[in-house]
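Enquirer: If it helps, the file is called input.pdb and holds PDB, C-alpha atoms, pLDDT in the B column:
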ATOM      1  CA  MET A   1      97.631  76.112  69.410  1.00 45.00           C
ATOM      2  CA  LEU A   2      95.922  73.837  71.864  1.00 48.00           C
ATOM      3  CA  GLY A   3      95.843  75.187  75.382  1.00 49.00           C
ATOM      4  CA  LEU A   4      97.895  78.292  74.533  1.00 50.00           C
ATOM      5  CA  LYS A   5      96.485  81.718  75.238  1.00 54.00           C
ATOM      6  CA  ARG A   6      97.224  84.728  73.123  1.00 58.00           C
ATOM      7  CA  PHE A   7      97.425  88.239  74.586  1.00 56.00           C
ATOM      8  CA  LEU A   8      97.567  91.722  73.144  1.00 54.00           C
ATOM      9  CA  TYR A   9     100.066  93.926  75.010  1.00 56.00           C
ATOM     10  CA  LEU A  10     100.581  97.684  75.160  1.00 54.00           C
ATOM     11  CA  GLN A  11     103.558  99.378  76.724  1.00 55.00           C
ATOM     12  CA  PRO A  12     102.809 102.478  78.832  1.00 54.00           C
ATOM     13  CA  ILE A  13     103.095 105.913  77.217  1.00 53.00           C
ATOM     14  CA  PHE A  14     104.305 107.721  80.335  1.00 53.00           C
ATOM     15  CA  LYS A  15     107.653 106.583  81.744  1.00 55.00           C
ATOM     16  CA  GLU A  16     106.580 106.898  85.401  1.00 58.00           C
ATOM     17  CA  GLU A  17     103.697 104.489  84.846  1.00 56.00           C
ATOM     18  CA  LYS A  18     104.650 100.831  85.096  1.00 58.00           C
ATOM     19  CA  HIS A  19     101.317  99.380  83.981  1.00 68.00           C
ATOM     20  CA  MET A  20     100.571  97.474  80.834  1.00 80.00           C
ATOM     21  CA  LEU A  21      97.229  96.745  79.193  1.00 84.00           C
ATOM     22  CA  ILE A  22      96.648  93.030  78.786  1.00 86.00           C
ATOM     23  CA  ILE A  23      93.747  91.924  76.620  1.00 87.00           C
ATOM     24  CA  PRO A  24      93.166  88.176  76.543  1.00 87.00           C
ATOM     25  CA  VAL A  25      92.355  86.982  73.021  1.00 86.00           C
ATOM     26  CA  LYS A  26      90.269  83.821  72.846  1.00 86.00           C
ATOM     27  CA  GLU A  27      90.893  81.085  70.310  1.00 88.00           C
ATOM     28  CA  GLY A  28      89.172  81.939  67.035  1.00 89.00           C
ATOM     29  CA  GLU A  29      88.200  85.461  68.167  1.00 88.00           C
ATOM     30  CA  SER A  30      88.347  88.085  65.435  1.00 89.00           C
ATOM     31  CA  ILE A  31      90.916  90.876  65.520  1.00 89.00           C
ATOM     32  CA  ASP A  32      88.094  93.436  65.331  1.00 92.00           C
ATOM     33  CA  ARG A  33      86.640  92.149  68.603  1.00 91.00           C
ATOM     34  CA  SER A  34      90.071  92.277  70.248  1.00 90.00           C
ATOM     35  CA  LEU A  35      90.663  95.827  69.032  1.00 91.00           C
ATOM     36  CA  LYS A  36      87.276  96.870  70.400  1.00 93.00           C
ATOM     37  CA  LYS A  37      88.218  95.454  73.818  1.00 91.00           C
ATOM     38  CA  PHE A  38      91.581  97.212  73.614  1.00 91.00           C
ATOM     39  CA  LYS A  39      90.051 100.574  72.709  1.00 92.00           C
ATOM     40  CA  LYS A  40      87.568 100.370  75.565  1.00 92.00           C
ATOM     41  CA  LYS A  41      90.268  99.486  78.105  1.00 91.00           C
ATOM     42  CA  PHE A  42      92.604 102.165  76.737  1.00 90.00           C
ATOM     43  CA  GLU A  43      89.888 104.817  76.995  1.00 91.00           C
ATOM     44  CA  LYS A  44      89.255 103.875  80.635  1.00 91.00           C
ATOM     45  CA  THR A  45      92.912 104.509  81.501  1.00 88.00           C
ATOM     46  CA  GLY A  46      92.523 108.200  80.589  1.00 88.00           C
ATOM     47  CA  VAL A  47      95.864 108.501  78.804  1.00 87.00           C
ATOM     48  CA  VAL A  48      94.498 110.547  75.901  1.00 89.00           C
ATOM     49  CA  LYS A  49      92.618 112.843  78.281  1.00 90.00           C
ATOM     50  CA  GLU A  50      95.804 113.390  80.286  1.00 89.00           C
ATOM     51  CA  LEU A  51      97.826 114.129  77.123  1.00 90.00           C
ATOM     52  CA  ARG A  52      95.300 116.747  75.997  1.00 91.00           C
ATOM     53  CA  ARG A  53      95.275 118.301  79.466  1.00 89.00           C
ATOM     54  CA  ARG A  54      99.078 118.622  79.420  1.00 90.00           C
ATOM     55  CA  GLN A  55      99.217 120.267  75.977  1.00 93.00           C
ATOM     56  CA  ALA A  56      98.314 123.693  77.314  1.00 92.00           C
ATOM     57  CA  TYR A  57      99.049 125.229  80.700  1.00 93.00           C
ATOM     58  CA  THR A  58      96.092 126.409  82.754  1.00 92.00           C
ATOM     59  CA  LYS A  59      96.607 128.694  85.699  1.00 95.00           C
ATOM     60  CA  LYS A  60      95.730 127.361  89.129  1.00 95.00           C
ATOM     61  CA  SER A  61      93.143 130.093  89.606  1.00 97.00           C
ATOM     62  CA  VAL A  62      91.342 129.008  86.430  1.00 96.00           C
ATOM     63  CA  THR A  63      91.445 125.362  87.484  1.00 94.00           C
ATOM     64  CA  ARG A  64      90.092 126.261  90.921  1.00 96.00           C
ATOM     65  CA  ARG A  65      87.314 128.390  89.384  1.00 97.00           C
ATOM     66  CA  GLU A  66      86.263 125.454  87.191  1.00 96.00           C
ATOM     67  CA  GLU A  67      86.228 123.130  90.215  1.00 96.00           C
ATOM     68  CA  ILE A  68      83.986 125.556  92.120  1.00 97.00           C
ATOM     69  CA  LYS A  69      81.623 125.889  89.146  1.00 98.00           C
ATOM     70  CA  HIS A  70      81.409 122.111  88.892  1.00 97.00           C
ATOM     71  CA  ALA A  71      80.725 121.757  92.626  1.00 97.00           C
ATOM     72  CA  VAL A  72      77.936 124.362  92.433  1.00 97.00           C
ATOM     73  CA  TYR A  73      76.444 122.531  89.451  1.00 97.00           C
ATOM     74  CA  LEU A  74      76.528 119.176  91.258  1.00 96.00           C
ATOM     75  CA  SER A  75      74.931 120.617  94.393  1.00 96.00           C
ATOM     76  CA  ALA A  76      72.172 122.210  92.272  1.00 96.00           C
ATOM     77  CA  MET A  77      71.521 118.880  90.569  1.00 95.00           C
ATOM     78  CA  LYS A  78      71.325 117.095  93.927  1.00 94.00           C
ATOM     79  CA  SER A  79      68.929 119.685  95.360  1.00 94.00           C
ATOM     80  CA  GLN A  80      66.645 119.305  92.299  1.00 92.00           C
ATOM     81  CA  GLU A  81      66.688 115.543  92.746  1.00 79.00           C
ATOM     82  CA  VAL A  82      65.134 115.671  96.222  1.00 70.00           C
TER      83      VAL A  82
END
What is this structure when it is put down as structure tokens?
Expert:
Amino acid sequence: MLGLKRFLYLQPIFKEEKHMLIIPVKEGESIDRSLKKFKKKFEKTGVVKELRRRQAYTKKSVTRREEIKHAVYLSAMKSQEV
């Protein structure tokens, strides 16, 4: 396989997404190393987080309350910083 590149491909889970993960695999690189790269890239996409979020419905008022709590927390952290 001189000069040929190998790639590991993943089709998207959600139909509306048209992206595909492409992980270049170098010549002689172990499959464990490639899987580690894949897992890291896959985690960054947030697919699993999105799936878990969609499993249960949360009311908009609850979501908004959590956003406000988070904003208050961040502002408190910033004020302590200075």
Enquirer: Taking all atoms of range 53-71 of chain A that the file lists and extending 6 Å past them on each side, where is the centre of the axis-aligned box and how long are its edges? Answer in Å to one decimal, as JSON.
Expert:
{"center_x": 90.0, "center_y": 124.2, "center_z": 84.3, "size_x": 30.5, "size_y": 23.8, "size_z": 28.6}
Enquirer: How many Å separate CA of Thr45 in chain A from CA of Ile22 in chain A?
Expert: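 Rounded to one decimal, the two atoms are 12.4 Å apart.
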Enquirer: Could you check which of A:Ala71, A:Met77, A:Val62, A:Leu21 is closest to Phe42 in chain A, using all atoms listed in the file?
Expert: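 Among the listed residues, A:Leu21 lies closest to Phe42 in chain A.
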Enquirer: Can you work out the spacing between CA of Glu29 in chain A and CA of Gly46 in chain A in Å, to one decimal?
Expert: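 A separation of 26.3 Å between them.
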Enquirer: Rounded to one decimal, what separation in Å do you get between CA of Lys44 in chain A and CA of Lys60 in chain A?
Expert: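 So the two atoms, CA of Lys44 in chain A and CA of Lys60 in chain A, lie 25.8 Å apart.
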